[in-house]
Structure formats: C-alpha cells, structure tokens
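Engineer: Hey, dropping input_28.pdb in here, PDB, C-alpha atoms:
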```
ATOM      1  CA  MET A  47       8.077  39.748  -3.176
ATOM      2  CA  ARG A  48      11.638  38.883  -2.171
ATOM      3  CA  GLY A  49      11.909  35.847   0.066
ATOM      4  CA  ILE A  50       8.251  34.825  -0.288
ATOM      5  CA  GLU A  51       6.447  32.867  -2.976
ATOM      6  CA  LEU A  52       2.820  31.970  -3.576
ATOM      7  CA  ILE A  53       2.231  28.275  -4.214
ATOM      8  CA  GLU A  54      -0.785  26.376  -5.484
ATOM      9  CA  PRO A  55      -2.587  23.966  -3.118
ATOM     10  CA  THR A  56      -1.294  21.029  -5.175
ATOM     11  CA  GLU A  57       2.276  21.879  -4.145
ATOM     12  CA  LEU A  58       1.440  21.598  -0.451
ATOM     13  CA  TYR A  59      -0.416  18.345  -1.156
ATOM     14  CA  ASN A  60       2.698  16.945  -2.835
ATOM     15  CA  LEU A  61       5.018  18.204  -0.097
ATOM     16  CA  LEU A  62       2.955  16.297   2.457
ATOM     17  CA  ASN A  63       3.015  13.092   0.406
ATOM     18  CA  GLN A  64       6.680  12.783  -0.583
ATOM     19  CA  LEU A  65       8.383   9.545   0.381
ATOM     20  CA  HIS A  66      12.032   8.645   0.880
ATOM     21  CA  GLN A  67      12.691   4.913   0.948
ATOM     22  CA  SER A  68       9.016   4.315   1.796
ATOM     23  CA  VAL A  69       9.131   6.713   4.763
ATOM     24  CA  PRO A  70       7.213  10.037   4.703
ATOM     25  CA  CYS A  71       9.623  12.920   4.148
ATOM     26  CA  VAL A  72       7.812  14.937   6.834
ATOM     27  CA  VAL A  73       9.634  12.745   9.364
ATOM     28  CA  ASN A  74      12.692  14.914   8.693
ATOM     29  CA  GLU A  75      12.300  18.022  10.854
ATOM     30  CA  TYR A  76      14.254  20.070   8.299
ATOM     31  CA  TYR A  77      12.100  19.013   5.338
ATOM     32  CA  LEU A  78       8.787  20.759   6.065
ATOM     33  CA  VAL A  79       7.423  23.095   8.705
ATOM     34  CA  LEU A  80       3.802  24.126   8.185
ATOM     35  CA  PHE A  81       2.454  27.100  10.123
ATOM     36  CA  ASP A  82      -1.205  28.137  10.441
ATOM     37  CA  PRO A  83      -1.818  31.667  11.837
ATOM     38  CA  ARG A  84      -5.623  31.543  11.706
ATOM     39  CA  LYS A  85      -7.752  32.346  14.737
ATOM     40  CA  PRO A  86      -7.551  29.694  17.488
ATOM     41  CA  ASP A  87     -11.187  28.604  17.095
ATOM     42  CA  ASP A  88     -10.743  28.093  13.358
ATOM     43  CA  PHE A  89      -7.551  26.089  13.863
ATOM     44  CA  HIS A  90      -9.086  23.917  16.589
ATOM     45  CA  GLU A  91     -12.102  23.183  14.398
ATOM     46  CA  SER A  92      -9.830  21.677  11.721
ATOM     47  CA  HIS A  93      -6.458  22.205  10.070
ATOM     48  CA  VAL A  94      -4.012  20.552   7.677
ATOM     49  CA  VAL A  95      -2.233  17.460   9.014
ATOM     50  CA  THR A  96       1.087  18.197  10.795
ATOM     51  CA  SER A  97       0.438  21.966  10.849
ATOM     52  CA  LYS A  98       1.402  24.035  13.873
ATOM     53  CA  HIS A  99      -0.754  26.862  15.150
ATOM     54  CA  ILE A 100       0.900  30.278  15.451
ATOM     55  CA  LYS A 101      -0.672  32.614  17.969
ATOM     56  CA  ARG A 102      -0.605  36.365  17.872
ATOM     57  CA  LYS A 103      -0.135  38.696  20.829
ATOM     58  CA  ASP A 104      -0.036  42.496  20.697
ATOM     59  CA  ASP A 105      -0.001  42.265  16.870
ATOM     60  CA  LYS A 106       3.125  40.100  16.960
ATOM     61  CA  TYR A 107       3.388  36.449  15.932
ATOM     62  CA  ILE A 108       4.730  34.077  18.559
ATOM     63  CA  VAL A 109       6.830  31.593  16.604
ATOM     64  CA  PRO A 110       8.626  28.566  18.076
ATOM     65  CA  THR A 111      12.204  29.305  19.120
ATOM     66  CA  ASN A 112      13.374  25.680  18.975
ATOM     67  CA  ILE A 113      13.452  25.564  15.163
ATOM     68  CA  ASP A 114      16.532  26.359  13.068
ATOM     69  CA  TYR A 115      14.712  28.301  10.357
ATOM     70  CA  SER A 116      17.847  28.613   8.248
ATOM     71  CA  ALA A 117      17.958  24.818   7.882
ATOM     72  CA  VAL A 118      14.318  24.133   6.975
ATOM     73  CA  LYS A 119      13.916  23.569   3.238
ATOM     74  CA  ASN A 120      10.146  24.101   3.077
ATOM     75  CA  LEU A 121       8.697  26.751   5.371
ATOM     76  CA  VAL A 122       5.013  26.937   4.483
ATOM     77  CA  VAL A 123       2.302  29.245   5.803
ATOM     78  CA  ILE A 124      -1.431  28.750   5.298
ATOM     79  CA  ASP A 125      -4.117  31.141   6.517
ATOM     80  CA  SER A 126      -7.827  31.273   5.701
ATOM     81  CA  ARG A 127      -7.885  32.536   2.123
ATOM     82  CA  CYS A 128      -4.773  34.448   1.025
ATOM     83  CA  SER A 129      -4.895  35.087  -2.719
ATOM     84  CA  SER A 130      -2.019  37.507  -3.282
ATOM     85  CA  LEU A 131       1.337  38.383  -1.773
ATOM     86  CA  LYS A 132       0.292  42.017  -2.153
ATOM     87  CA  ASP A 133      -2.368  41.511   0.505
ATOM     88  CA  ILE A 134      -0.561  43.128   3.423
ATOM     89  CA  GLN A 135      -3.520  42.348   5.704
ATOM     90  CA  SER A 136      -3.091  38.622   5.127
ATOM     91  CA  PRO A 137      -1.823  36.790   8.236
ATOM     92  CA  ALA A 138       0.041  34.383   5.958
ATOM     93  CA  VAL A 139       1.963  37.166   4.220
ATOM     94  CA  GLY A 140       2.817  38.862   7.512
ATOM     95  CA  LEU A 141       4.061  35.649   9.079
ATOM     96  CA  ALA A 142       5.993  34.680   5.938
ATOM     97  CA  GLU A 143       7.802  38.031   5.966
ATOM     98  CA  LEU A 144       8.760  37.471   9.603
ATOM     99  CA  LEU A 145      10.094  33.979   8.913
ATOM    100  CA  TRP A 146      12.155  35.270   5.996
ATOM    101  CA  LYS A 147      13.683  37.945   8.206
ATOM    102  CA  MET A 148      14.465  35.296  10.819
ATOM    103  CA  GLY A 149      16.998  33.734   8.473
ATOM    104  CA  SER A 150      15.277  31.295   6.151
ATOM    105  CA  LYS A 151      17.634  30.330   3.308
ATOM    106  CA  TYR A 152      14.750  29.306   1.070
ATOM    107  CA  PRO A 153      11.747  31.393  -0.009
ATOM    108  CA  VAL A 154       8.892  31.042   2.465
ATOM    109  CA  LYS A 155       5.866  29.528   0.761
ATOM    110  CA  VAL A 156       2.339  30.931   1.156
ATOM    111  CA  VAL A 157      -0.523  28.663   0.060
ATOM    112  CA  LYS A 158      -2.772  30.357  -2.493
ATOM    113  CA  GLY A 159      -6.434  30.275  -1.494
ATOM    114  CA  GLY A 160      -5.489  29.345   2.045
ATOM    115  CA  TYR A 161      -7.158  26.677   4.115
ATOM    116  CA  GLU A 162     -10.534  27.268   2.499
ATOM    117  CA  GLU A 163      -9.322  26.204  -0.935
ATOM    118  CA  PHE A 164      -6.923  23.517   0.259
ATOM    119  CA  SER A 165      -9.500  21.793   2.453
ATOM    120  CA  ALA A 166     -12.072  21.923  -0.343
ATOM    121  CA  LEU A 167      -9.667  20.176  -2.713
ATOM    122  CA  TYR A 168      -8.194  17.754  -0.180
ATOM    123  CA  PRO A 169     -10.726  17.305   2.651
ATOM    124  CA  PHE A 170      -9.055  14.020   3.607
ATOM    125  CA  LEU A 171      -5.957  15.955   4.745
ATOM    126  CA  ARG A 172      -7.912  17.824   7.404
ATOM    127  CA  THR A 173      -7.607  16.919  11.058
ATOM    128  CA  GLN A 174      -8.352  18.125  14.576
ATOM    129  CA  LYS A 175      -5.238  16.481  15.965
ATOM    130  CA  MET A 176      -3.057  19.040  17.729
ATOM    131  CA  LEU A 177       0.115  17.185  18.685
ATOM    132  CA  TRP A 178       2.070  14.618  16.677
ATOM    133  CA  THR A 179       4.592  12.152  18.080
ATOM    134  CA  GLN A 180       7.535  11.056  15.945
ATOM    135  CA  GLY A 181       5.992   7.606  15.641
ATOM    136  CA  GLU A 182       2.693   9.034  14.401
ATOM    137  CA  ILE A 183       4.456  11.116  11.768
ATOM    138  CA  GLU A 184       6.443   8.087  10.597
ATOM    139  CA  ALA A 185       3.146   6.207  10.216
ATOM    140  CA  LEU A 186       1.428   9.106   8.417
ATOM    141  CA  PHE A 187      -0.811   7.881   5.616
ATOM    142  CA  THR A 188       0.483   9.122   2.265
ATOM    143  CA  TYR A 189      -1.178   9.474  -1.123
ATOM    144  CA  PRO A 190       0.126   9.246  -4.703
ATOM    145  CA  ILE A 191       1.828  12.312  -6.174
ATOM    146  CA  GLU A 192      -0.389  14.722  -8.102
ATOM    147  CA  VAL A 193       1.037  15.560 -11.548
ATOM    148  CA  LEU A 194      -1.968  17.251 -13.162
ATOM    149  CA  PRO A 195      -4.252  18.736 -10.474
ATOM    150  CA  GLY A 196      -7.502  16.879 -10.127
ATOM    151  CA  PHE A 197      -6.639  14.260 -12.747
ATOM    152  CA  LEU A 198      -3.244  12.540 -13.084
ATOM    153  CA  TYR A 199      -1.464  10.819 -10.199
ATOM    154  CA  ILE A 200       1.629   8.603 -10.009
ATOM    155  CA  GLY A 201       2.379   6.187  -7.213
ATOM    156  CA  LEU A 202       3.648   2.914  -5.840
ATOM    157  CA  ARG A 203       2.126  -0.482  -6.482
ATOM    158  CA  LYS A 204       1.107  -0.791  -2.826
ATOM    159  CA  GLN A 205      -0.932   2.424  -3.136
ATOM    160  CA  ALA A 206      -2.976   0.996  -6.008
ATOM    161  CA  GLY A 207      -6.033  -0.664  -4.579
ATOM    162  CA  GLU A 208      -5.741   0.991  -1.168
ATOM    163  CA  PRO A 209      -9.458   1.647  -0.439
ATOM    164  CA  LYS A 210      -8.858   5.016   1.231
ATOM    165  CA  ILE A 211      -6.804   6.282  -1.709
ATOM    166  CA  GLU A 212      -9.268   5.000  -4.302
ATOM    167  CA  LYS A 213     -12.156   6.684  -2.458
ATOM    168  CA  ASP A 214     -10.492   9.969  -1.472
ATOM    169  CA  LEU A 215      -8.916  10.615  -4.883
ATOM    170  CA  LYS A 216     -11.963   9.312  -6.796
ATOM    171  CA  ILE A 217      -9.769   7.110  -8.979
ATOM    172  CA  LYS A 218     -11.580   5.814 -12.055
ATOM    173  CA  ALA A 219      -8.749   4.108 -13.952
ATOM    174  CA  HIS A 220      -5.276   2.598 -13.589
ATOM    175  CA  VAL A 221      -2.215   2.274 -15.780
ATOM    176  CA  ASN A 222      -0.438  -0.737 -14.288
ATOM    177  CA  LEU A 223       3.250  -0.884 -15.209
ATOM    178  CA  THR A 224       4.058  -3.915 -13.061
ATOM    179  CA  SER A 225       3.774  -7.613 -13.857
ATOM    180  CA  THR A 226       1.293  -8.184 -11.019
ATOM    181  CA  GLU A 227      -2.474  -8.266 -11.357
ATOM    182  CA  ASP A 228      -4.265  -4.973 -10.768
ATOM    183  CA  PRO A 229      -6.065  -5.103  -7.401
ATOM    184  CA  VAL A 230      -9.087  -3.006  -8.451
ATOM    185  CA  PHE A 231      -9.964  -3.143 -12.141
ATOM    186  CA  LYS A 232     -10.385  -5.888 -14.709
ATOM    187  CA  LEU A 233      -9.786  -5.461 -18.437
ATOM    188  CA  GLU A 234     -13.509  -5.787 -19.063
ATOM    189  CA  ASP A 235     -14.406  -2.905 -16.703
ATOM    190  CA  ARG A 236     -15.739   0.044 -18.680
ATOM    191  CA  ILE A 237     -16.571   3.705 -18.117
ATOM    192  CA  HIS A 238     -17.693   6.541 -20.393
ATOM    193  CA  GLY A 239     -14.642   8.339 -21.763
ATOM    194  CA  LYS A 240     -13.965  11.799 -23.121
ATOM    195  CA  ASN A 241     -16.120  11.281 -26.217
ATOM    196  CA  ARG A 242     -18.838   9.359 -24.351
ATOM    197  CA  ASP A 243     -17.530   6.086 -25.751
ATOM    198  CA  LEU A 244     -17.194   3.187 -23.353
ATOM    199  CA  ILE A 245     -13.498   2.726 -22.577
ATOM    200  CA  SER A 246     -11.509   0.394 -20.358
ATOM    201  CA  GLN A 247     -10.618   1.405 -16.810
ATOM    202  CA  LEU A 248      -7.403  -0.585 -16.889
ATOM    203  CA  LEU A 249      -4.303  -0.569 -19.058
ATOM    204  CA  ASN A 250      -1.698  -3.215 -18.287
ATOM    205  CA  VAL A 251       1.816  -2.482 -19.533
ATOM    206  CA  PRO A 252       4.049  -5.061 -17.835
ATOM    207  CA  VAL A 253       7.577  -3.801 -18.325
ATOM    208  CA  GLU A 254      10.710  -4.330 -16.266
ATOM    209  CA  ASP A 255      12.638  -1.411 -14.819
ATOM    210  CA  SER A 256      15.690  -2.385 -16.840
ATOM    211  CA  ILE A 257      18.094  -0.662 -19.228
ATOM    212  CA  HIS A 258      17.061  -3.315 -21.732
ATOM    213  CA  ALA A 259      13.361  -2.501 -21.438
ATOM    214  CA  ASP A 260      11.405  -0.668 -24.130
ATOM    215  CA  LEU A 261       8.706   1.812 -23.143
ATOM    216  CA  PHE A 262       8.838   3.888 -26.312
ATOM    217  CA  SER A 263       6.653   1.405 -28.173
ATOM    218  CA  GLN A 264       4.026   1.781 -25.422
ATOM    219  CA  PHE A 265       3.930   5.583 -25.173
ATOM    220  CA  SER A 266       1.282   6.040 -27.858
ATOM    221  CA  THR A 267      -1.002   3.464 -26.226
ATOM    222  CA  CYS A 268      -0.469   4.917 -22.743
ATOM    223  CA  CYS A 269      -1.034   8.517 -23.833
ATOM    224  CA  SER A 270      -4.147   7.602 -25.801
ATOM    225  CA  PHE A 271      -5.557   5.752 -22.790
ATOM    226  CA  ILE A 272      -4.838   8.648 -20.420
ATOM    227  CA  GLN A 273      -6.183  11.208 -22.893
ATOM    228  CA  GLN A 274      -9.469   9.318 -23.238
ATOM    229  CA  HIS A 275      -9.973   9.655 -19.486
ATOM    230  CA  HIS A 276      -8.924  13.316 -19.370
ATOM    231  CA  LYS A 277     -12.396  14.852 -19.382
ATOM    232  CA  GLY A 278     -12.724  17.104 -16.335
ATOM    233  CA  ASP A 279     -15.324  14.963 -14.577
ATOM    234  CA  GLY A 280     -13.753  15.297 -11.130
ATOM    235  CA  LYS A 281     -12.388  11.758 -11.257
ATOM    236  CA  THR A 282      -8.763  10.777 -11.502
ATOM    237  CA  LEU A 283      -6.321   8.317 -13.037
ATOM    238  CA  LEU A 284      -3.419   6.574 -11.313
ATOM    239  CA  VAL A 285      -0.261   5.447 -13.088
ATOM    240  CA  TYR A 286       1.753   3.146 -10.859
ATOM    241  CA  SER A 287       4.916   1.071 -10.768
ATOM    242  CA  GLU A 288       6.701  -0.856  -8.029
ATOM    243  CA  LEU A 289       8.557   2.031  -6.372
ATOM    244  CA  GLY A 290       6.860   4.952  -8.094
ATOM    245  CA  ILE A 291      10.061   6.637  -9.250
ATOM    246  CA  SER A 292      10.976   5.241 -12.684
ATOM    247  CA  ARG A 293       8.389   3.537 -14.890
ATOM    248  CA  CYS A 294       5.359   5.570 -13.770
ATOM    249  CA  VAL A 295       7.399   8.786 -13.911
ATOM    250  CA  THR A 296       8.447   7.913 -17.474
ATOM    251  CA  VAL A 297       4.860   7.391 -18.617
ATOM    252  CA  ALA A 298       3.757  10.611 -16.886
ATOM    253  CA  LEU A 299       6.545  12.480 -18.690
ATOM    254  CA  SER A 300       5.452  11.008 -22.008
ATOM    255  CA  TYR A 301       1.916  12.270 -21.374
ATOM    256  CA  LEU A 302       3.074  15.781 -20.458
ATOM    257  CA  ILE A 303       5.073  15.911 -23.714
ATOM    258  CA  PHE A 304       2.077  14.603 -25.655
ATOM    259  CA  HIS A 305      -0.669  16.629 -23.963
ATOM    260  CA  HIS A 306       1.104  19.982 -23.565
ATOM    261  CA  LYS A 307       3.340  19.621 -26.653
ATOM    262  CA  ILE A 308       6.390  20.553 -24.615
ATOM    263  CA  PRO A 309       9.978  19.242 -24.791
ATOM    264  CA  LEU A 310      11.257  16.664 -22.339
ATOM    265  CA  LYS A 311      13.341  19.200 -20.407
ATOM    266  CA  ASP A 312      10.194  21.240 -19.609
ATOM    267  CA  ALA A 313       8.154  18.161 -18.771
ATOM    268  CA  LEU A 314      10.916  16.986 -16.456
ATOM    269  CA  ARG A 315      11.066  20.392 -14.765
ATOM    270  CA  GLN A 316       7.312  20.214 -14.183
ATOM    271  CA  ILE A 317       7.328  16.706 -12.770
ATOM    272  CA  LYS A 318      10.340  17.308 -10.517
ATOM    273  CA  LYS A 319       8.370  20.139  -8.942
ATOM    274  CA  CYS A 320       5.729  17.548  -8.063
ATOM    275  CA  HIS A 321       7.892  14.530  -7.282
ATOM    276  CA  HIS A 322      11.248  14.922  -5.549
ATOM    277  CA  SER A 323      12.565  11.404  -6.225
ATOM    278  CA  VAL A 324      12.226  10.934  -9.975
ATOM    279  CA  CYS A 325      14.701   8.430 -11.364
ATOM    280  CA  PRO A 326      13.898   7.034 -14.840
ATOM    281  CA  ASN A 327      16.597   4.654 -15.978
ATOM    282  CA  GLN A 328      18.943   5.254 -18.927
ATOM    283  CA  SER A 329      16.806   3.322 -21.404
ATOM    284  CA  PHE A 330      13.657   5.256 -20.492
ATOM    285  CA  ILE A 331      15.374   8.635 -20.909
ATOM    286  CA  LYS A 332      16.458   7.602 -24.396
ATOM    287  CA  ASP A 333      12.882   6.488 -25.110
ATOM    288  CA  LEU A 334      11.587   9.890 -23.965
ATOM    289  CA  LEU A 335      14.049  11.745 -26.198
ATOM    290  CA  LYS A 336      12.790   9.682 -29.143
ATOM    291  CA  TRP A 337       9.195  10.413 -28.072
ATOM    292  CA  GLU A 338       9.903  14.155 -27.977
ATOM    293  CA  LEU A 339      11.135  13.957 -31.570
ATOM    294  CA  ASP A 340       8.106  11.884 -32.564
ATOM    295  CA  VAL A 341       5.570  14.251 -30.956
ATOM    296  CA  LEU A 342       7.172  17.637 -31.643
ATOM    297  CA  GLY A 343       8.842  16.828 -34.928
ATOM    298  CA  SER A 344      12.256  18.010 -33.762
ATOM    299  CA  GLN A 345      14.787  17.262 -31.043
ATOM    300  CA  ILE A 346      14.677  20.230 -28.676
ATOM    301  CA  THR A 347      16.086  18.756 -25.477
ATOM    302  CA  VAL A 348      19.846  18.267 -25.317
ATOM    303  CA  PRO A 349      20.750  15.327 -23.018
ATOM    304  CA  SER A 350      23.116  17.501 -20.991
ATOM    305  CA  GLU A 351      20.137  19.721 -20.052
ATOM    306  CA  LEU A 352      18.654  16.870 -18.036
ATOM    307  CA  GLY A 353      21.174  17.202 -15.220
ATOM    308  CA  PHE A 354      21.698  13.992 -13.278
ATOM    309  CA  LEU A 355      19.315  12.245 -15.684
ATOM    310  CA  SER A 356      21.564  13.028 -18.650
ATOM    311  CA  TYR A 357      22.845  10.083 -20.625
ATOM    312  CA  GLU A 358      25.136  10.772 -23.538
TER     313      GLU A 358
END
```
Taking this structure as input, can you express it in the form of structure tokens?
Structural biologist:
Amino acid sequence: MRGIELIEPTELYNLLNQLHQSVPCVVNEYYLVLFDPRKPDDFHESHVVTSKHIKRKDDKYIVPTNIDYSAVKNLVVIDSRCSSLKDIQSPAVGLAELLWKMGSKYPVKVVKGGYEEFSALYPFLRTQKMLWTQGEIEALFTYPIEVLPGFLYIGLRKQAGEPKIEKDLKIKAHVNLTSTEDPVFKLEDRIHGKNRDLISQLLNVPVEDSIHADLFSQFSTCCSFIQQHHKGDGKTLLVYSELGISRCVTVALSYLIFHHKIPLKDALRQIKKCHHSVCPNQSFIKDLLKWELDVLGSQITVPSELGFLSYE
C-alpha cells in the first residue's frame, strides 16, 4: 500500500533504543512519533513507552495539530493486533492512511501484530505513564540493539552487566570486545549449548578500535561461540564494545555472513536497518571483505557498494 509499510515488532524495539552520542534518539521530536489508536481503557491500562493516544470522534481520528508531519522521519502506529495492511477495519491502517495524506514524506509504519504481540515480546517496554517531560525522555532507559530477534544483541560496554538489561533480555552469554573485565560472567561459567555440551558463557576478545587492529583472525572463534548458543531457548547473547558502533557491529556482521551465508553488502543492509549508527573502521571493513571470501568462496561485495563505509 503506497505510503504505508508493515514493520515487525523488532523494528519498533530498535527505534525506541537508538542512541546518538549516548542520548536516546527519541529526544529529537522529528525522529519518532508513536501513535496508539486503541480504545481509551486499553491505552490507559498499558501502552508502549512514549506513545501518544489518538482518540476517535464521529469515526474521525483526532490527531495533534502541533506536529510537522512532513518532518518526522518515523511515524509509527500501533493498534491491538493488526496483521495486514489489507485489513481496512484496522485502526492502525486507517490512522496511517490519514497521516500519509497529511503530508508525511516517509512511509508511515504500522506495527505487525500490534500491541498484543509487541508487549508479549517486550513486556519491559510497557507503561501506564501518560505524559513525558523532555527531561524524562532524555533519561529514558535504553536497551541493546536487537540484530536477530530473540537471540543476538549488540551494545555498549556500560549496558553489559546492567541488571535490568540482563534480566529483561534473558542474557545468557557475552562476547566482550573491550580490554576491561566482564561484569557478569567468568571464563569458567558454563551453560548447555546447542548440542547439549557444556560451553562457556563468556568470550573475551580484547581488541582496540584501531586501523591497525586485526579482527579477521577472531571471526571464526566469535562465530563458533555465537553459533553454539544459537539454540532457540528463549535466551539471548550480547556482543558489546565501548561505544557499540564499531567492534561489536563488525562481529555481528561476521556472524550474519557466516550464519545466513550472505555477502557483506546484504549483512550490512540488514544491520543498518537495526542500528542507525554503525561505523566499523577501515581495517574492520577489510577484514569483513576477507571473511566474505573465506565463508562464501568468492568475493561478491564490491567496496564501492558499501556507501560511506567503502574503502578502496
């Protein structure tokens, strides 16, 4: 449907958790506007953090008039359980169509499965809070970025070991790419892996974010470690580095290439959809191009296809 797109719950989760220079992106009024057109009682009972309730009168939606809809990059609508853009009875679809007609320059996003599915997957992002001050939004608690739904996350060092994150995301293992000690796991900590073997819950790969650093030699170890934990048990794995934009992104890209057997350009496209501030350094991009050749047996990605990450 022109001007409207259906997104998975993971995309809304990631939109809510993007950071820019350690500040939640939702602070920017033109970054994300989240509308919820459910019945008032349902909204008051609980809703997604930062969402705004949209009332309906005489079969017409009453939308705020103080928002420049043409300037908002992410206009998102979430109702109870919308599953298809063809559902003309869906409040989310109806509201999304209205917002598109009001001048949005970007496709209006409708959350697949609605609040029912989103709140089941991310119950910790529910709230009863109705109004948010600018200060409260700036202090909004953010989680690591979700790369593979329900399993692989990438984040900052300060997020590793945060009790709320560890509990809410059910994190069972870490890949630590910093030179500091992991705050949660020890090398001797074990858990049953994919093949029921006891495997470590911690992999330390201390590497500097430098153009002289070598991650290529560690990709096989990292991917093997992540793969051993990839078992669909409802628990997750966190890969983290200092700022969460270079080293952890590089290792996540290496795993997408390895696990999905896809070229770097496709892996990068997938991860940029999740994480808006990816910035692997020149050395790491070269390592990933070598890894693509190693895994796929041929060089498919041309450096110029990587856009601003291209290094000839």
Engineer: Within 12 Å of Gly181 in chain A, counting all atoms listed in the file, which residues qualify if same-chain residues fewer than 2 places away don't, as an MDAnalysis selection string?
Structural biologist: chainID A and resid 69:70 72:73 177:179 183:186
Engineer: Now that the selection is made, can you save its residues with C-alpha atoms as a CSV table (one decimal), keeping the file's coordinate frame?
Structural biologist:
```csv
chain,number,residue,atom,x,y,z
A,69,VAL,CA,9.1,6.7,4.8
A,70,PRO,CA,7.2,10.0,4.7
A,72,VAL,CA,7.8,14.9,6.8
A,73,VAL,CA,9.6,12.7,9.4
A,177,LEU,CA,0.1,17.2,18.7
A,178,TRP,CA,2.1,14.6,16.7
A,179,THR,CA,4.6,12.2,18.1
A,183,ILE,CA,4.5,11.1,11.8
A,184,GLU,CA,6.4,8.1,10.6
A,185,ALA,CA,3.1,6.2,10.2
A,186,LEU,CA,1.4,9.1,8.4
```
Engineer: Between A:Leu335, A:Cys325, A:Leu131, A:Leu244, which is the closest to Leu310 in chain A once you count all atoms listed in the file?
Structural biologist: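 Among the listed residues, the smallest separation from Leu310 in chain A belongs to A:Leu335.
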Engineer: Given the file shown, enumerate the residues that the PyMOL selection byres ((chain A and resi 92) around 9) captures and present them as a PyMOL selection string.
Structural biologist: chain A and resi 87-91+93-94+172-175
Engineer: Could you list, with a cut-off of 10 Å and counting all atoms listed in the file, the residues of range 287-317 of chain A near range 187-198 of chain A, each shown with its nearest atom pair and the distance in Å rounded to one decimal, rows sorted by chain and ascending number, as a Markdown table?
Structural biologist:
```
| residue | atom | partner | partner_atom | distance |
| --- | --- | --- | --- | --- |
| A:Gly290 | CA | A:Pro190 | CA | 8.7 |
| A:Val295 | CA | A:Val193 | CA | 9.6 |
| A:Ala298 | CA | A:Val193 | CA | 7.8 |
| A:Leu299 | CA | A:Val193 | CA | 9.5 |
| A:Tyr301 | CA | A:Leu198 | CA | 9.8 |
| A:Leu302 | CA | A:Leu194 | CA | 9.0 |
| A:Gln316 | CA | A:Val193 | CA | 8.2 |
| A:Ile317 | CA | A:Val193 | CA | 6.5 |
```
Engineer: Using all atoms listed in the file for the distances, tell me which of A:Cys71, A:Leu215, A:Val139, A:Val79 is nearest to Val118 in chain A.
Structural biologist: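 Closest to Val118 in chain A of all the choices is A:Val79.
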Engineer: Quick check on the file I pasted: which residues fall under the PyMOL selection byres ((chain A and resi 231) around 8)? Write them as a PyMOL selection string.
Structural biologist: chain A and resi 219-220+228-230+232-233+235+247-248
Engineer: Measuring between all atoms listed in the file, which one of A:Leu61, A:Val348, A:Leu145, A:Ile50 shows the shortest distance to Ser130 in chain A?
Structural biologist: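 Result for the nearest residue to Ser130 in chain A: A:Ile50.
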Engineer: Just the residues within 9 Å of Arg102 in chain A, please, counting only C-alpha atoms, with nothing from its chain fewer than 4 positions along; format it as a list in words.
Structural biologist: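 Close residues of Arg102 in chain A: Pro83, Lys85, Lys106, Tyr107, Ile108 and Val109 of chain A.
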Engineer: Can you give me, as a PyMOL selection string, the residues this file yields under the PyMOL selection byres ((chain A and resi 162) around 12)?
Structural biologist: chain A and resi 55+84+88-89+92-94+124-129+157-161+163-169+172
Engineer: Find the residues around Leu121 in chain A up to 9 Å (only C-alpha atoms counted), leave out those fewer than 2 positions away in its own chain, and share them as a PDB file with C-alpha atoms, in the coordinates of the input.
Structural biologist:
```pdb
ATOM      1  CA  TYR A  77      12.100  19.013   5.338  1.00  0.00           C
ATOM      2  CA  LEU A  78       8.787  20.759   6.065  1.00  0.00           C
ATOM      3  CA  VAL A  79       7.423  23.095   8.705  1.00  0.00           C
ATOM      4  CA  LEU A  80       3.802  24.126   8.185  1.00  0.00           C
ATOM      5  CA  PHE A  81       2.454  27.100  10.123  1.00  0.00           C
ATOM      6  CA  TYR A 115      14.712  28.301  10.357  1.00  0.00           C
ATOM      7  CA  VAL A 118      14.318  24.133   6.975  1.00  0.00           C
ATOM      8  CA  LYS A 119      13.916  23.569   3.238  1.00  0.00           C
ATOM      9  CA  VAL A 123       2.302  29.245   5.803  1.00  0.00           C
ATOM     10  CA  ALA A 142       5.993  34.680   5.938  1.00  0.00           C
ATOM     11  CA  LEU A 145      10.094  33.979   8.913  1.00  0.00           C
ATOM     12  CA  SER A 150      15.277  31.295   6.151  1.00  0.00           C
ATOM     13  CA  TYR A 152      14.750  29.306   1.070  1.00  0.00           C
ATOM     14  CA  PRO A 153      11.747  31.393  -0.009  1.00  0.00           C
ATOM     15  CA  VAL A 154       8.892  31.042   2.465  1.00  0.00           C
ATOM     16  CA  LYS A 155       5.866  29.528   0.761  1.00  0.00           C
ATOM     17  CA  VAL A 156       2.339  30.931   1.156  1.00  0.00           C
TER      18      VAL A 156
END
```
Engineer: Which is closer to Ser329 in chain A than all the others in A:Asp260, A:Ala206, A:Gly353, A:Gln345, using only C-alpha atoms?
Structural biologist: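 Of the candidates, the smallest distance to Ser329 in chain A is held by A:Asp260.
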Engineer: Between CA of Glu54 in chain A and CA of Arg315 in chain A, measure the distance and give it in Å to one decimal.
Structural biologist: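 Spanning CA of Glu54 in chain A to CA of Arg315 in chain A is a straight-line distance of 16.2 Å.
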Engineer: Would you kindly return, as an NGL selection string, each protein, DNA or RNA residue with an atom no farther than 6 Å from any atom of range 250-255 of chain A, considering all atoms listed in the file and excluding same-chain residues fewer than 5 positions away?
Structural biologist: :A and (222-225)
Engineer: May I have the selected residues written with C-alpha atoms, as a PDB file, in the frame of the given file?
Structural biologist:
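Listing of out.pdb after writing:
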```pdb
ATOM      1  CA  ASN A 222      -0.438  -0.737 -14.288  1.00  0.00           C
ATOM      2  CA  LEU A 223       3.250  -0.884 -15.209  1.00  0.00           C
ATOM      3  CA  THR A 224       4.058  -3.915 -13.061  1.00  0.00           C
ATOM      4  CA  SER A 225       3.774  -7.613 -13.857  1.00  0.00           C
TER       5      SER A 225
END
```
Engineer: Please report the interatomic distance between CA of Trp146 in chain A and CA of Glu51 in chain A in Å with one decimal.
Structural biologist: 10.9 Å
